[in-house]
Amino acid sequence: MHEHDVIVVGAGGAGLRAAIAAQEAGADVAIVSKLHPVRSHTGAAEGGINAALRDADSWEDHAYDTMKGSDYLGDAPAVEALCQESPEEVIQLEHWGMPFSREEDGRVSQRPFGGLSFPRTTYAGAETGHQMLHTMYEQVVKRGITVYDEWHVMELAVTDEEDPADRTCHGVVAYDIQSGEISGFRADNGVILATGGMGQVFDHTTNAVANTGDGVAMAYRAGVPMEDMEFIQFHPTTLPSTGVLISEGVRGEGGILYNEDGERFMFEHGYANNDGELASRDVVSRAELTEVNEGRGIEDEYVHLDMRHLGEERILDRLENILHLAEDFEGADGLTEPMPVKPGQHYAMGGIETNEFGETAIGGLYAAGECACASVHGANRLGGNALPELIVFGKRAGRHAAGEEMGEAEVTTGKEGDWEPADYEFEVEVGETGGQGPAAADGGAVATDPDGVLEAEVERAKARVEELLSREGRNHAEIRSKVQETMTANVNVFREEGRLEETLGDLREAREAYKDVAVSDPSRTFNTDLIHTMETRNILDIAEALTMGALAREEFRGAHWRKEHQERKDENWLKHTLVSWNDGEPELWYKPTILEGENKTYEPKNRSY
Amino acid sequence: MAERYSSFKSGGRMWLLQRVTAAFLLVVLAFHFFLLHFVHHADEVTLAASSARMEQLSYYSLMVLFLVTATFHGVNGVYNALINQGLTGTKRTVVKWTLVAASVVLLFQGIRTANAWAGGFPL
Amino acid sequence: MSTQTPTQTEESSETDAEADAPSKGDERRDEKRRRAAEERARRQAEEAEKAAADEETVELKVFRYDPEVEGKQEPRFDTFHVPFTKGMTVLDALMYSRDTYDSSLTFRHSCRQAVCGSDAMFVNGGQKLACKTQISELEEPIRVEPLPHAEVRKDLVVDMEHFYDQMEAVEPYFQTNEYPDGELEEQRQTRENREKIKMSTRCIWCSACMSSCNIAAGDNEYLGPAAINKAYRFAMDEREGEDIKQKRLEIIEQEHGVWRCQTQFSCTEVCPKDIPLTEHIQELKREAVKNNLKFW
Amino acid sequence: MSQSYNRGLIEDFSRWREFEAGMWAWIFHKFTGWVLIGYLFTHIAVLSTAIPAANGATMMFQGSETDVFTGTIVSLEGLLLVRILEVGLLAVAVFHMLNGTRLLLVDLGIGLEAQDKSFYASLILTGAITVASVPTFIAGAF
Ligand SMILES: Cc1cc2nc3c(=O)[nH]c(=O)nc-3n(C[C@H](O)[C@H](O)[C@H](O)COP(=O)(O)OP(=O)(O)OC[C@H]3O[C@@H](n4cnc5c(N)ncnc54)[C@H](O)[C@@H]3O)c2cc1C
Ligand code: HEM
Ligand code: SF4
Ligand code: F3S
Ligand code: FES
């Protein structure tokens, strides 16, 4: 048993920032992460961090751009907090030594990015995330913050009151990957979830293998609602075999997309007659998939991105890293052949419902980073807005959890205020009754006694691992790949009612199959089979909530496209989708979007660029 | 700043000396080879000829310096190589002093030889 | 690392230690283990057959070891036949082998794009990032082993603690005594200076360099190329100021610091991020000498 | 190249096949350095015969009485084996000098990108110089 004031789960950008903030606020903080901090996926971010740093720019403009980009599904108080605080946070990073790219006069460089009215994307070459992650880890080392690395958090110790709003979180249960030990981590002040993305719900993603949405699923089963899960960003140019991202820069420089017949389909098939390849991410992704679906894809899978005509000199000068990526991960030489690309899952706009301080509906439980939904990205995230989210909300959550007084939140959590139930009928049974799940508050017989809940959870976790290791059954990998396949086939950039229903059916089957999942590796040392098996359960729960949201939202907003509903419906749908686990019987409900900002109200406008 | 001065840890000093001696040896060893194998052939060596060379102060000092640098360079090189393989503690101290002793013997014997040739220190 | 004593025997499995008399659970587990092994053998035999028929497969020989599983305590190589697809990397092949044949095959991996640094391993005798190594460029059969000169935990997983310790020994964090006045004022840095440290900031802590360096293998206390490179990253950053640089030079000058490096260049050869490690180490040596000579 | 424990089939030893230029250079330099320091000791030992010689000690050599120093050297030089060893020594010394120069340049930060090429150049030059010197070294041995 370990005990600290604040426990941070996850050591990506959000987790590290939260830990530093909590420590600065005087708390004894520890980070628990299944990966060593520098392995976190924040390191993969390339583009940059949006921050209104210059005199000609203002946080108001940034907020306006973000609200517009979110297709008016962002909550203004959260969006404004992001835009107001991101400049100081970026300067803070600079003061911690982050090696940003520089201007002639020695100031940090900024560049233009899609959807921004000012070039405010601050960057460090094409490796901004890597530099940010390492800079923050360095600060963690400097401060001597305790890090339990390669500890997989299995579940939260949350009391089991009937109403989630009465529940409180007292720590986490984690499994030491190196030794197989299961241990409790008591958090006297708060637990901050910063477990990152959930790309592994899909089989083709720019996300890491470790991005299985554990934090989201754990919080969900403990009673925290998941918000706006249906909004998933797909990036149009990822390498087919690995999902590695080919930066938008290639199209920016003049790269051209071709189908199997050698047609420049963005124009020739009329997907974007003005902008062509440079249309927004969702438009290009849909165009590519239409080509493939209509039989004009190469090997029925991908299209070609050609940059040969740019000339060797220009390519080497501006896109050198793309050559390496294509060569190393796809075996393609961008100088002599076109590169294969297809859309891939990139970012989850939704996640654990929080307010602008990172608080969730459960007392003592916080979330920040990609796993959280405050919500700043609404229906669509702008490039360069995720990294500032990590540092701004990571810091806020850290300070709040450490007990700092931060005022009243404007964003509500849980069923407070004007929430409304959904009246959507699912044809397939969702969820899982019978309390088979692993989280404390999901109907399992765990006490409401705050002191005993952690010990009780540790015992339960031990029993669960013991069972997985000793019984015989299916390998999780089959189940995981089934889920990923059906999600990619049906809940991708194109969503139709029938196929979404079908997916719920597939997920039902997967749930059944998961009931007799077993781990065949009996070892306690570095048993990745066991870890992956536990992650697969999380993937299942997330996939289901995501699909439920996608079915219920009968409109086309931001990244969410519905065949039957081809326009944005502001009268009905200026509201967030929420899914509550309810001890195994998922419930869908809504709460309104907050469009009133500090000085003004953001009026929904047509999102055209 | 006296502290700064002493902060030139032996590691750095030895490293530098190894390079300086190497640069010196490069020239002198080339000269040595050239003189004793190409100008005079090795099989034509005689005591008299060697003595004649040694009696010149410049040649004598060059050769002694050659011996000193080569010994330092070689022995320090060996010592370094051993440390790089993880030689530590008592073993290391023993090796160090053994090498120092061997160097002293080598230098002593070498200078004695030179003096024998030159018939005493050539003044 | 190399000078440590074997810990193999100490790590007897928890389950074995639990009870003297075999419990029901133990029996069940033993039974299960036996059956799993049989199943594995069967599937691999099948695949080998298939491989013989089908030319488009690659043969992988993978190092296996587990201190607590019977039959794996003695290190061995397992052979896997993986259907080849264009663009396949060593990591892809390993994942395929794990998911299809043997779910106990263990290796670290995460990003699949050469930024997380988890999957440095010894492929056909060289330190490589598995996710960045194309199968098509390797000779078959492909031998995959854990990084040399590090203690093996299980299969391809090695103990990284020593490497982390070395990285953290060089005070790997930015330090300065003066910040600009304005609250939203960044420190200025010239483009040239940023360019100078650029490559050194790319390190992903994969430890391939450390594993390839013979000196690091022999001298456990040697900081190693990655840690020295980290020190370089800060020592050369003009934002830190002269007095801090002084302190940094003292750190890298210690007994097991830069002077240990024998310019073997293997670190530079294997670094997946193309960091000119030897060059950085050499520059620090010169800086240190220059710095010391100043006060003579 | 010790190993923390025996990896059974894995022979660290076989790694040499995968070594790159820099590593070979290091191994050769080490080897030649040790040979040279070894030779320095022997060399001084042999030359020490000059001490008794200067004091008048003599020996019989090819039928006539010669001083011990000249006698020893000339008789050694008369052995073919010694001549061959001398050629080897030359090769060793030349390589150590050339590669030493390469290392000095590396220390000065010059030509690091070409470190492999300069190693190959050292090897080739060593070969060439050695071969070219064979006549001089062997002259009069037969
Ligand atoms: C290829 C790519 C490029 C991107 N480019 C940009 C960009 O240019 N600009 C931008 O703003 N955004 C970008 N993004 C998005 C942004 O990088 C991510 O949203 C962000 O890094 C997520 O950070 P995080 O801290 O929330 O999570 P992560 O960095 O993913 O960290 C998650 C942490 O949680 C830990 N963890 C997870 N599960 C558990 C568990 N069960 N137990 C213990 N620990 C656990 C992990 O070990 C890890 O440390 C990009 C994303 C990708 C994939
Ligand atoms: C002639 C010119 C010479 C040059 C340019 C030269 C250069 C060098 C250099 C640069 C090193 C250091 C290698 C390192 O630490 O990375 C070295 C090592 C060494 N040198 Fe020389 N050297 C020369 C002559 C000699 C001579 C004459 C001897 C013998 C007495 C000798 C014996 C050694 C030894 C033993 C080493 C250590 C090898 C090891 O690392 O194990 N060298 N030499
Ligand atoms: S310097 Fe290169 S090889 Fe070494 S740890 Fe860093 S990235 Fe890996
Ligand atoms: S391999 Fe080792 S010896 Fe130096 S150049 Fe690299 S650190
Ligand atoms: S998987 Fe991240 S570096 Fe290879």
# chains A, B, ... in the order shown; residues from 1 in each chain; ligands from 1
call {"tool": "residues_near_ligand", "arguments": {"ligand": "ligand 5", "cutoff": "8 Å", "atoms": "only C-alpha atoms and all ligand atoms", "output": "PyMOL selection string"}}
result
(chain A and resi 39+208) or (chain C and resi 91+108-120+129-132+204+206)
call {"tool": "residues_near_ligand", "arguments": {"ligand": "ligand 3", "cutoff": "7 Å", "atoms": "only C-alpha atoms and all ligand atoms", "output": "PDB file with N, CA and C atoms, in the first residue's frame"}}
result
ATOM      1  N   GLY C 117      10.560   5.141 -28.016  1.00  0.00           N
ATOM      2  CA  GLY C 117      11.818   4.529 -27.603  1.00  0.00           C
ATOM      3  C   GLY C 117      11.694   3.252 -26.795  1.00  0.00           C
ATOM      4  N   ARG C 202      16.796  15.308 -29.626  1.00  0.00           N
ATOM      5  CA  ARG C 202      15.917  14.317 -30.243  1.00  0.00           C
ATOM      6  C   ARG C 202      15.932  12.964 -29.554  1.00  0.00           C
ATOM      7  N   CYS C 203      16.772  12.808 -28.556  1.00  0.00           N
ATOM      8  CA  CYS C 203      16.934  11.493 -27.930  1.00  0.00           C
ATOM      9  C   CYS C 203      15.610  10.974 -27.367  1.00  0.00           C
ATOM     10  N   ILE C 204      15.314   9.720 -27.647  1.00  0.00           N
ATOM     11  CA  ILE C 204      14.073   9.116 -27.161  1.00  0.00           C
ATOM     12  C   ILE C 204      14.327   8.076 -26.069  1.00  0.00           C
ATOM     13  N   TRP C 205      15.504   8.111 -25.476  1.00  0.00           N
ATOM     14  CA  TRP C 205      15.815   7.235 -24.342  1.00  0.00           C
ATOM     15  C   TRP C 205      15.643   5.749 -24.680  1.00  0.00           C
ATOM     16  N   CYS C 206      16.053   5.361 -25.870  1.00  0.00           N
ATOM     17  CA  CYS C 206      15.834   3.960 -26.235  1.00  0.00           C
ATOM     18  C   CYS C 206      16.942   3.068 -25.701  1.00  0.00           C
ATOM     19  N   SER C 207      18.103   3.667 -25.431  1.00  0.00           N
ATOM     20  CA  SER C 207      19.255   2.967 -24.875  1.00  0.00           C
ATOM     21  C   SER C 207      19.988   2.062 -25.859  1.00  0.00           C
ATOM     22  N   ALA C 208      19.678   2.197 -27.130  1.00  0.00           N
ATOM     23  CA  ALA C 208      20.410   1.430 -28.143  1.00  0.00           C
ATOM     24  C   ALA C 208      21.897   1.770 -28.094  1.00  0.00           C
ATOM     25  N   CYS C 209      22.198   3.065 -27.943  1.00  0.00           N
ATOM     26  CA  CYS C 209      23.590   3.504 -27.948  1.00  0.00           C
ATOM     27  C   CYS C 209      24.348   2.876 -26.785  1.00  0.00           C
ATOM     28  N   MET C 210      23.733   2.937 -25.627  1.00  0.00           N
ATOM     29  CA  MET C 210      24.359   2.411 -24.418  1.00  0.00           C
ATOM     30  C   MET C 210      24.667   0.925 -24.604  1.00  0.00           C
ATOM     31  N   PRO C 225      26.799   7.221 -23.701  1.00  0.00           N
ATOM     32  CA  PRO C 225      26.590   8.246 -24.723  1.00  0.00           C
ATOM     33  C   PRO C 225      25.284   9.035 -24.564  1.00  0.00           C
ATOM     34  N   ALA C 226      24.194   8.378 -24.209  1.00  0.00           N
ATOM     35  CA  ALA C 226      22.919   9.097 -24.145  1.00  0.00           C
ATOM     36  C   ALA C 226      22.927  10.139 -23.040  1.00  0.00           C
ATOM     37  N   ASN C 229      25.110  12.960 -23.975  1.00  0.00           N
ATOM     38  CA  ASN C 229      24.413  13.772 -24.961  1.00  0.00           C
ATOM     39  C   ASN C 229      23.386  14.676 -24.287  1.00  0.00           C
ATOM     40  N   CYS C 267      27.834   3.985 -30.942  1.00  0.00           N
ATOM     41  CA  CYS C 267      26.642   4.687 -30.487  1.00  0.00           C
ATOM     42  C   CYS C 267      26.048   5.514 -31.617  1.00  0.00           C
ATOM     43  N   VAL C 270      24.300   3.333 -34.282  1.00  0.00           N
ATOM     44  CA  VAL C 270      23.012   2.690 -34.001  1.00  0.00           C
ATOM     45  C   VAL C 270      21.902   3.672 -33.637  1.00  0.00           C
ATOM     46  N   CYS C 271      22.226   4.896 -33.305  1.00  0.00           N
ATOM     47  CA  CYS C 271      21.181   5.801 -32.813  1.00  0.00           C
ATOM     48  C   CYS C 271      20.067   5.959 -33.850  1.00  0.00           C
ATOM     49  N   PRO C 272      18.846   5.562 -33.490  1.00  0.00           N
ATOM     50  CA  PRO C 272      17.752   5.634 -34.461  1.00  0.00           C
ATOM     51  C   PRO C 272      17.353   7.063 -34.776  1.00  0.00           C
ATOM     52  N   LYS C 273      17.810   7.997 -33.973  1.00  0.00           N
ATOM     53  CA  LYS C 273      17.464   9.391 -34.214  1.00  0.00           C
ATOM     54  C   LYS C 273      18.608  10.139 -34.884  1.00  0.00           C
ATOM     55  N   ASP C 274      19.594   9.403 -35.351  1.00  0.00           N
ATOM     56  CA  ASP C 274      20.743   9.983 -36.051  1.00  0.00           C
ATOM     57  C   ASP C 274      21.441  11.089 -35.270  1.00  0.00           C
ATOM     58  N   ILE C 275      21.519  10.961 -33.988  1.00  0.00           N
ATOM     59  CA  ILE C 275      22.205  11.973 -33.193  1.00  0.00           C
ATOM     60  C   ILE C 275      23.717  11.731 -33.296  1.00  0.00           C
ATOM     61  N   LEU C 277      26.362  11.366 -31.708  1.00  0.00           N
ATOM     62  CA  LEU C 277      26.766  11.250 -30.304  1.00  0.00           C
ATOM     63  C   LEU C 277      28.256  11.442 -30.099  1.00  0.00           C
TER      64      LEU C 277
END
call {"tool": "interface_residues", "arguments": {"of": "chain A", "to": "chain C", "cutoff": "7 Å", "atoms": "only C-alpha atoms", "output": "PyMOL selection string"}}
result
chain A and resi 38-41+43-44+88+91+94-97+99+102-104+106-107+138-139+142+207-210+241+244+328-331+470+477+520-523+526+528-529
call {"tool": "residues_near_ligand", "arguments": {"ligand": "ligand 2", "cutoff": "6 Å", "atoms": "only C-alpha atoms and all ligand atoms", "output": "ChimeraX atom specification"}}
result
/B:19,22-23,25-26,29,70-71,73-74,77-78,81 /C:262 /D:30,33-34,36-37,40,96-97,100-101,103-104
call {"tool": "write_last_selection", "arguments": {"atoms": "N, CA and C atoms", "output": "compact mmCIF listing (two decimals), in the first residue's frame"}}
result
# COMPACT_ATOMS: atom_id res chain seq x y z
N ARG B 19 46.99 12.69 -25.70
CA ARG B 19 46.94 13.25 -27.06
C ARG B 19 48.23 13.99 -27.39
N ALA B 22 50.93 11.69 -28.04
CA ALA B 22 50.69 11.01 -29.31
C ALA B 22 51.18 11.88 -30.46
N ALA B 23 50.85 13.15 -30.39
CA ALA B 23 51.26 14.06 -31.46
C ALA B 23 52.78 14.12 -31.54
N LEU B 25 54.91 11.80 -30.44
CA LEU B 25 55.42 10.49 -30.86
C LEU B 25 55.28 10.30 -32.36
N LEU B 26 54.21 10.84 -32.88
CA LEU B 26 53.95 10.69 -34.30
C LEU B 26 55.17 11.14 -35.10
N LEU B 29 58.59 9.09 -33.73
CA LEU B 29 58.63 7.68 -34.10
C LEU B 29 58.89 7.54 -35.60
N ALA B 70 56.99 7.95 -24.78
CA ALA B 70 56.46 6.66 -25.21
C ALA B 70 56.04 5.83 -24.00
N THR B 71 56.87 5.89 -22.97
CA THR B 71 56.52 5.13 -21.77
C THR B 71 55.22 5.64 -21.17
N HIS B 73 52.87 7.35 -22.62
CA HIS B 73 51.77 7.11 -23.55
C HIS B 73 51.34 5.64 -23.53
N GLY B 74 52.32 4.78 -23.57
CA GLY B 74 51.99 3.35 -23.61
C GLY B 74 51.39 2.87 -22.31
N GLY B 77 48.07 4.36 -21.64
CA GLY B 77 47.10 3.73 -22.55
C GLY B 77 46.62 2.41 -21.98
N VAL B 78 47.57 1.61 -21.52
CA VAL B 78 47.21 0.31 -20.96
C VAL B 78 46.32 0.48 -19.73
N ALA B 81 42.86 1.46 -20.72
CA ALA B 81 42.13 0.34 -21.31
C ALA B 81 41.58 -0.55 -20.20
N GLN C 262 35.94 6.13 -25.88
CA GLN C 262 37.10 5.80 -26.71
C GLN C 262 36.79 6.01 -28.19
N LYS D 30 43.78 -0.69 -30.08
CA LYS D 30 44.08 -1.27 -28.78
C LYS D 30 45.16 -2.33 -28.94
N GLY D 33 48.47 -0.87 -29.91
CA GLY D 33 49.04 -0.14 -28.77
C GLY D 33 49.73 -1.09 -27.81
N TRP D 34 49.04 -2.18 -27.52
CA TRP D 34 49.63 -3.16 -26.58
C TRP D 34 50.89 -3.79 -27.17
N LEU D 36 52.89 -2.41 -29.21
CA LEU D 36 53.95 -1.40 -29.18
C LEU D 36 54.56 -1.24 -27.79
N ILE D 37 53.74 -1.19 -26.78
CA ILE D 37 54.32 -1.00 -25.44
C ILE D 37 55.10 -2.26 -25.05
N LEU D 40 58.31 -1.96 -26.74
CA LEU D 40 59.19 -0.96 -26.11
C LEU D 40 60.00 -1.59 -24.98
N HIS D 96 49.08 2.04 -36.04
CA HIS D 96 48.82 2.80 -34.82
C HIS D 96 49.04 4.29 -35.05
N MET D 97 50.05 4.61 -35.86
CA MET D 97 50.31 6.02 -36.14
C MET D 97 49.21 6.63 -36.99
N GLY D 100 46.11 6.60 -35.11
CA GLY D 100 46.28 7.57 -34.03
C GLY D 100 46.04 8.98 -34.56
N THR D 101 46.54 9.23 -35.74
CA THR D 101 46.31 10.54 -36.36
C THR D 101 44.81 10.74 -36.58
N LEU D 103 42.48 9.43 -34.87
CA LEU D 103 41.84 9.69 -33.57
C LEU D 103 42.11 11.11 -33.11
N LEU D 104 43.33 11.59 -33.37
CA LEU D 104 43.63 12.96 -32.97
C LEU D 104 42.71 13.93 -33.71
call {"tool": "residues_around", "arguments": {"residues": "segment 96-102 of chain B", "least_positions_apart": "4", "cutoff": "9 Å", "atoms": "only C-alpha atoms", "output": "list in words"}}
result
Val75, Asn76, Val78, Tyr79, Lys91, Arg92, Leu106 and Leu107 of chain B
call {"tool": "interface_residues", "arguments": {"of": "chain C", "to": "chain D", "cutoff": "9 Å", "atoms": "only C-alpha atoms", "output": "MDAnalysis selection string"}}
result
chainID C and resid 1:8 63 65 74:77 124:126 145 148:152 214:215 217:218 262:266 269 276 278:279 282:283 285:286
